[in-house]
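*Asks:* Dropping in start.cif, with mmCIF, C-alpha atoms.
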```cif
data_protein
loop_
_atom_site.label_atom_id
_atom_site.label_comp_id
_atom_site.auth_asym_id
_atom_site.auth_seq_id
_atom_site.Cartn_x
_atom_site.Cartn_y
_atom_site.Cartn_z
CA MET A 1 100.29 134.43 180.81
CA SER A 2 102.66 135.60 178.16
CA GLU A 3 104.79 137.13 180.92
CA THR A 4 105.33 133.69 182.42
CA ALA A 5 106.75 132.44 179.09
CA GLY A 6 109.67 134.76 179.69
CA HIS A 7 109.45 137.45 177.03
CA HIS A 8 107.12 140.20 176.21
CA PRO A 9 106.09 140.68 172.49
CA GLY A 10 107.69 144.12 172.43
CA GLN A 11 110.93 142.68 173.71
CA LEU A 12 111.00 140.11 170.88
CA ARG A 13 110.59 142.84 168.32
CA HIS A 14 113.33 144.84 169.92
CA ARG A 15 115.70 141.82 169.94
CA ARG A 16 114.97 141.09 166.25
CA ARG A 17 115.58 144.71 165.31
CA ARG A 18 118.84 144.72 167.23
CA LEU A 19 119.90 141.42 165.57
CA TRP A 20 119.40 142.79 162.01
CA SER A 21 120.64 146.31 162.67
CA GLY A 22 124.11 145.56 164.01
CA ALA A 23 127.26 144.20 162.36
CA ARG A 24 126.08 140.69 163.02
CA GLY A 25 122.85 141.40 161.19
CA ARG A 26 124.64 142.76 158.18
CA LEU A 27 126.94 139.77 158.13
CA LEU A 28 123.99 137.43 158.47
CA LEU A 29 122.19 139.27 155.64
CA ILE A 30 125.28 138.99 153.40
CA VAL A 31 125.66 135.28 154.21
CA LEU A 32 121.97 134.64 153.46
CA THR A 33 122.23 136.62 150.18
CA VAL A 34 125.35 134.70 149.14
CA MET A 35 123.61 131.42 150.02
CA LEU A 36 120.58 132.43 147.95
CA ILE A 37 122.80 133.36 145.00
CA VAL A 38 124.77 130.11 145.24
CA GLY A 39 121.53 128.12 145.54
CA ALA A 40 119.99 129.88 142.52
CA TYR A 41 123.21 129.32 140.55
CA ALA A 42 123.21 125.60 141.48
CA ILE A 43 119.56 125.24 140.47
CA GLY A 44 120.21 127.06 137.16
CA LEU A 45 123.31 124.96 136.50
CA ASN A 46 121.35 121.79 137.14
CA MET A 47 118.63 122.93 134.76
CA ASP A 48 121.24 123.82 132.13
CA ARG A 49 122.80 120.38 132.48
CA SER A 50 119.47 118.67 131.91
CA ASN A 51 118.74 120.96 128.93
CA LEU A 52 122.22 120.27 127.55
CA ALA A 53 121.75 116.51 127.93
CA ALA A 54 118.38 116.72 126.17
CA SER A 55 119.95 118.83 123.41
CA ARG A 56 122.77 116.33 122.94
CA GLN A 57 120.28 113.49 122.72
CA LEU A 58 118.23 115.42 120.17
CA VAL A 59 121.36 116.20 118.10
CA GLY A 60 122.25 112.49 118.14
CA GLN A 61 118.77 111.55 116.92
CA LEU A 62 118.87 114.22 114.20
CA GLN A 63 122.31 113.08 113.03
CA ALA A 64 121.09 109.49 112.76
CA GLU A 65 117.99 110.64 110.88
CA SER A 66 120.13 112.83 108.61
CA GLN A 67 122.35 109.86 107.76
CA LYS A 68 119.27 107.77 106.91
CA LEU A 69 117.91 110.56 104.70
CA LYS A 70 121.26 110.95 102.92
CA LYS A 71 121.34 107.20 102.26
CA THR A 72 117.74 107.26 100.99
CA ASN A 73 118.53 110.29 98.81
CA ALA A 74 121.56 108.53 97.28
CA GLU A 75 119.49 105.40 96.61
CA GLN A 76 116.71 107.43 95.01
CA SER A 77 119.19 109.40 92.89
CA ALA A 78 120.68 106.13 91.63
CA ARG A 79 117.16 104.84 90.94
CA ILE A 80 116.31 108.04 89.03
CA VAL A 81 119.43 107.65 86.88
CA THR A 82 118.48 104.04 86.13
CA LEU A 83 114.88 104.96 85.32
CA GLN A 84 116.01 107.87 83.12
CA SER A 85 118.28 105.51 81.21
CA GLN A 86 115.43 103.03 80.77
CA LEU A 87 113.12 105.85 79.63
CA ASP A 88 115.68 107.09 77.09
CA ASN A 89 116.11 103.53 75.77
CA ALA A 90 112.34 103.01 75.53
CA GLN A 91 111.94 106.39 73.78
CA ALA A 92 114.64 105.45 71.26
CA GLN A 93 112.92 102.12 70.58
CA LEU A 94 109.57 103.88 70.22
CA ASN A 95 111.07 106.42 67.81
CA ALA A 96 112.53 103.55 65.78
CA ILE A 97 109.06 102.00 65.53
CA LYS A 98 107.12 105.26 65.10
CA PRO A 99 109.30 108.23 64.14
CA ALA A 100 108.52 111.80 65.14
CA GLN A 101 105.66 113.71 63.54
CA ASP A 102 106.07 114.23 59.78
CA THR A 103 109.02 111.79 59.74
CA TYR A 104 108.66 108.74 57.54
CA ASP A 105 110.75 105.60 57.24
CA ILE A 106 110.57 104.52 53.59
CA LYS A 107 111.94 101.19 52.37
CA PRO A 108 113.25 100.55 48.82
CA ASN A 109 110.49 100.50 46.18
CA GLN A 110 107.89 101.61 48.73
CA SER A 111 105.72 104.70 48.43
CA LEU A 112 103.70 106.57 51.03
CA VAL A 113 100.94 109.16 50.82
CA VAL A 114 101.83 111.89 53.32
CA ALA A 115 101.01 115.48 54.30
CA ASN A 116 97.25 114.88 54.46
CA GLY A 117 97.22 113.32 50.99
CA ARG A 118 99.05 116.20 49.29
CA LEU A 119 102.25 114.22 48.58
CA THR A 120 103.14 110.76 47.35
CA ILE A 121 106.75 109.94 48.21
CA GLY A 122 108.50 106.79 47.03
CA LEU A 123 112.02 105.43 47.27
CA ILE A 124 113.17 104.16 43.86
CA GLY A 125 115.42 101.13 44.33
CA SER A 126 117.92 100.69 47.15
CA PRO A 127 119.89 103.74 48.27
CA ASP A 128 123.44 104.11 46.93
CA ASN A 129 126.42 104.86 49.16
CA ASP A 130 126.12 108.60 48.63
CA SER A 131 122.56 109.34 47.42
CA ILE A 132 119.00 108.13 47.00
CA ASN A 133 116.46 108.33 44.16
CA ILE A 134 113.21 109.69 45.52
CA ASN A 135 109.95 110.16 43.64
CA VAL A 136 107.75 113.04 44.81
CA ASN A 137 104.34 113.27 43.13
CA GLY A 138 105.67 111.53 40.01
CA THR A 139 108.90 113.55 39.68
CA GLN A 140 112.23 111.88 40.38
CA HIS A 141 114.89 113.62 42.49
CA ARG A 142 118.41 112.56 43.42
CA ALA A 143 119.21 113.59 47.02
CA THR A 144 121.75 113.13 49.81
CA THR A 145 121.46 113.51 53.59
CA GLY A 146 120.46 117.07 54.42
CA ASP A 147 119.02 117.89 51.00
CA VAL A 148 115.65 119.64 50.92
CA ILE A 149 113.20 119.29 48.04
CA THR A 150 110.48 121.92 47.72
CA VAL A 151 107.26 121.05 45.93
CA LYS A 152 104.14 123.08 45.22
CA PRO A 153 101.31 120.55 44.83
CA ASP A 154 98.84 123.39 44.24
CA THR A 155 98.88 127.19 44.23
CA ALA A 156 97.84 127.47 47.87
CA THR A 157 100.36 124.99 49.36
CA ASN A 158 104.14 124.73 49.71
CA CYS A 159 105.64 121.40 50.77
CA ARG A 160 109.10 120.64 52.02
CA ILE A 161 110.74 117.19 51.88
CA ALA A 162 114.05 116.78 53.75
CA VAL A 163 116.31 113.72 53.67
CA GLU A 164 117.28 113.05 57.30
CA SER A 165 119.35 109.92 56.75
CA PHE A 166 119.51 106.73 54.73
CA ASP A 167 121.23 103.39 54.61
CA MET A 168 121.04 100.37 52.35
CA PHE A 169 117.64 99.30 53.67
CA ARG A 170 115.70 102.50 54.25
CA ALA A 171 115.52 106.29 54.02
CA LEU A 172 114.31 108.60 56.80
CA ILE A 173 112.35 111.51 55.25
CA VAL A 174 110.69 114.54 56.89
CA ALA A 175 107.78 115.93 54.85
CA SER A 176 105.50 118.80 55.77
CA CYS A 177 103.23 121.25 53.98
CA ALA A 178 102.11 124.75 54.84
CA ALA A 179 99.94 127.40 53.22
CA ALA A 180 101.75 129.36 50.51
CA LYS A 181 102.71 132.93 51.35
CA PRO A 182 101.10 135.53 49.10
#
```
Would you put the structure from the file into C-alpha cells?
*Replies:*
Amino acid sequence: MSETAGHHPGQLRHRRRRLWSGARGRLLLIVLTVMLIVGAYAIGLNMDRSNLAASRQLVGQLQAESQKLKKTNAEQSARIVTLQSQLDNAQAQLNAIKPAQDTYDIKPNQSLVVANGRLTIGLIGSPDNDSININVNGTQHRATTGDVITVKPDTATNCRIAVESFDMFRALIVASCAAAKP
C-alpha cells in the first residue's frame, strides 16, 4: 500500500539526505541558523526591554521614597534641635533652682550646714562690688570670685570652699570635704 502513495520510505530518506547535503541544504541550514539567531536576539531584546522598564519604575519609586525620607530626616533634625534647646533651657532652670552637687546658693545673712555637717557656711551682709564676707565654722573670710578657702574641721578631714560667683543678692559657693592625706 505504501507503494501506491507514490514514494518508498527509502526514497524519502534519500531525498532528505540529498536536500541537506547539497548547496541548497547548506544555504537552508545557514538561513535557519540566522533566523534562529535573529529570533533569539529579538526574544532577548524584548526581555531586556521589560526588565529595563521594571528597573526604571523601581528607580522612580526609590527616588520618591528617598525624597520622602530626606524630608522626614530634615523635619526630625529640626525637631531634635528644638528639643535640645528646650532641654538646655529646662536644665538651666533646674540648675538655678537646685545647683550642682556640693554647690550652694547662699543669701545675705543666711547660713547653711554643708559637707555632711562638717561645715557651717554663712554670708555676712550683702556682697560688695568686689568681694564677700563669708563665715566658715565661726571664722570670717573676705573672698572674691575664684578664691578658695581651705579648712580643717578635724585632723582626719580637709575641706575646700570655693567662691563660684556672687551678686548683690546671693553668693554661689562650692564646698566639699575629703579625708586628709597622711
*Asks:* Write out as a tab-separated table (two decimals) with C-alpha atoms, in the coordinates of the input which residues come within 6 Å of stretch 146-153 of chain A when counting only C-alpha atoms, dropping same-chain ones fewer than 6 positions away.
*Replies:*
```
chain	number	residue	atom	x	y	z
A	159	CYS	CA	105.64	121.40	50.77
A	160	ARG	CA	109.10	120.64	52.02
A	161	ILE	CA	110.74	117.19	51.88
A	162	ALA	CA	114.05	116.78	53.75
A	163	VAL	CA	116.31	113.72	53.67
A	164	GLU	CA	117.28	113.05	57.30
```
*Asks:* If we count all atoms listed in the file and set the cut-off at 12 Å, which residues sit around stretch 114-125 of chain A, ignoring sequence neighbours fewer than 2 positions away in its own chain? Please answer as a VMD selection string.
*Replies:* chain A and resid 101 to 112 127 to 128 131 to 143 149 to 154 156 to 163 166 to 179
*Asks:* Create the file for the chosen residues now, containing C-alpha atoms and written as a compact mmCIF listing (two decimals), keeping the file's coordinate frame.
*Replies:*
```txt
# COMPACT_ATOMS: atom_id res chain seq x y z
CA GLN A 101 105.66 113.71 63.54
CA ASP A 102 106.07 114.23 59.78
CA THR A 103 109.02 111.79 59.74
CA TYR A 104 108.66 108.74 57.54
CA ASP A 105 110.75 105.60 57.24
CA ILE A 106 110.57 104.52 53.59
CA LYS A 107 111.94 101.19 52.37
CA PRO A 108 113.25 100.55 48.82
CA ASN A 109 110.49 100.50 46.18
CA GLN A 110 107.89 101.61 48.73
CA SER A 111 105.72 104.70 48.43
CA LEU A 112 103.70 106.57 51.03
CA PRO A 127 119.89 103.74 48.27
CA ASP A 128 123.44 104.11 46.93
CA SER A 131 122.56 109.34 47.42
CA ILE A 132 119.00 108.13 47.00
CA ASN A 133 116.46 108.33 44.16
CA ILE A 134 113.21 109.69 45.52
CA ASN A 135 109.95 110.16 43.64
CA VAL A 136 107.75 113.04 44.81
CA ASN A 137 104.34 113.27 43.13
CA GLY A 138 105.67 111.53 40.01
CA THR A 139 108.90 113.55 39.68
CA GLN A 140 112.23 111.88 40.38
CA HIS A 141 114.89 113.62 42.49
CA ARG A 142 118.41 112.56 43.42
CA ALA A 143 119.21 113.59 47.02
CA ILE A 149 113.20 119.29 48.04
CA THR A 150 110.48 121.92 47.72
CA VAL A 151 107.26 121.05 45.93
CA LYS A 152 104.14 123.08 45.22
CA PRO A 153 101.31 120.55 44.83
CA ASP A 154 98.84 123.39 44.24
CA ALA A 156 97.84 127.47 47.87
CA THR A 157 100.36 124.99 49.36
CA ASN A 158 104.14 124.73 49.71
CA CYS A 159 105.64 121.40 50.77
CA ARG A 160 109.10 120.64 52.02
CA ILE A 161 110.74 117.19 51.88
CA ALA A 162 114.05 116.78 53.75
CA VAL A 163 116.31 113.72 53.67
CA PHE A 166 119.51 106.73 54.73
CA ASP A 167 121.23 103.39 54.61
CA MET A 168 121.04 100.37 52.35
CA PHE A 169 117.64 99.30 53.67
CA ARG A 170 115.70 102.50 54.25
CA ALA A 171 115.52 106.29 54.02
CA LEU A 172 114.31 108.60 56.80
CA ILE A 173 112.35 111.51 55.25
CA VAL A 174 110.69 114.54 56.89
CA ALA A 175 107.78 115.93 54.85
CA SER A 176 105.50 118.80 55.77
CA CYS A 177 103.23 121.25 53.98
CA ALA A 178 102.11 124.75 54.84
CA ALA A 179 99.94 127.40 53.22
```
*Asks:* Have a look at atom CA of A:Gln76 and atom CA of A:Gly60 and let me know their distance in Å, one decimal.
*Replies:*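 Distance reported for this atom pair: 24.3 Å.
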*Asks:* Hey, can you check how far atom CA of A:Asp88 sits from atom CA of A:Leu69?
*Replies:*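 A separation of 27.9 Å between them.
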*Asks:* Between atom CA of A:Gln63 and atom CA of A:Ala78, what is the distance, to one decimal in Å?
*Replies:*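 Spanning atom CA of A:Gln63 to atom CA of A:Ala78 is a straight-line distance of 22.6 Å.
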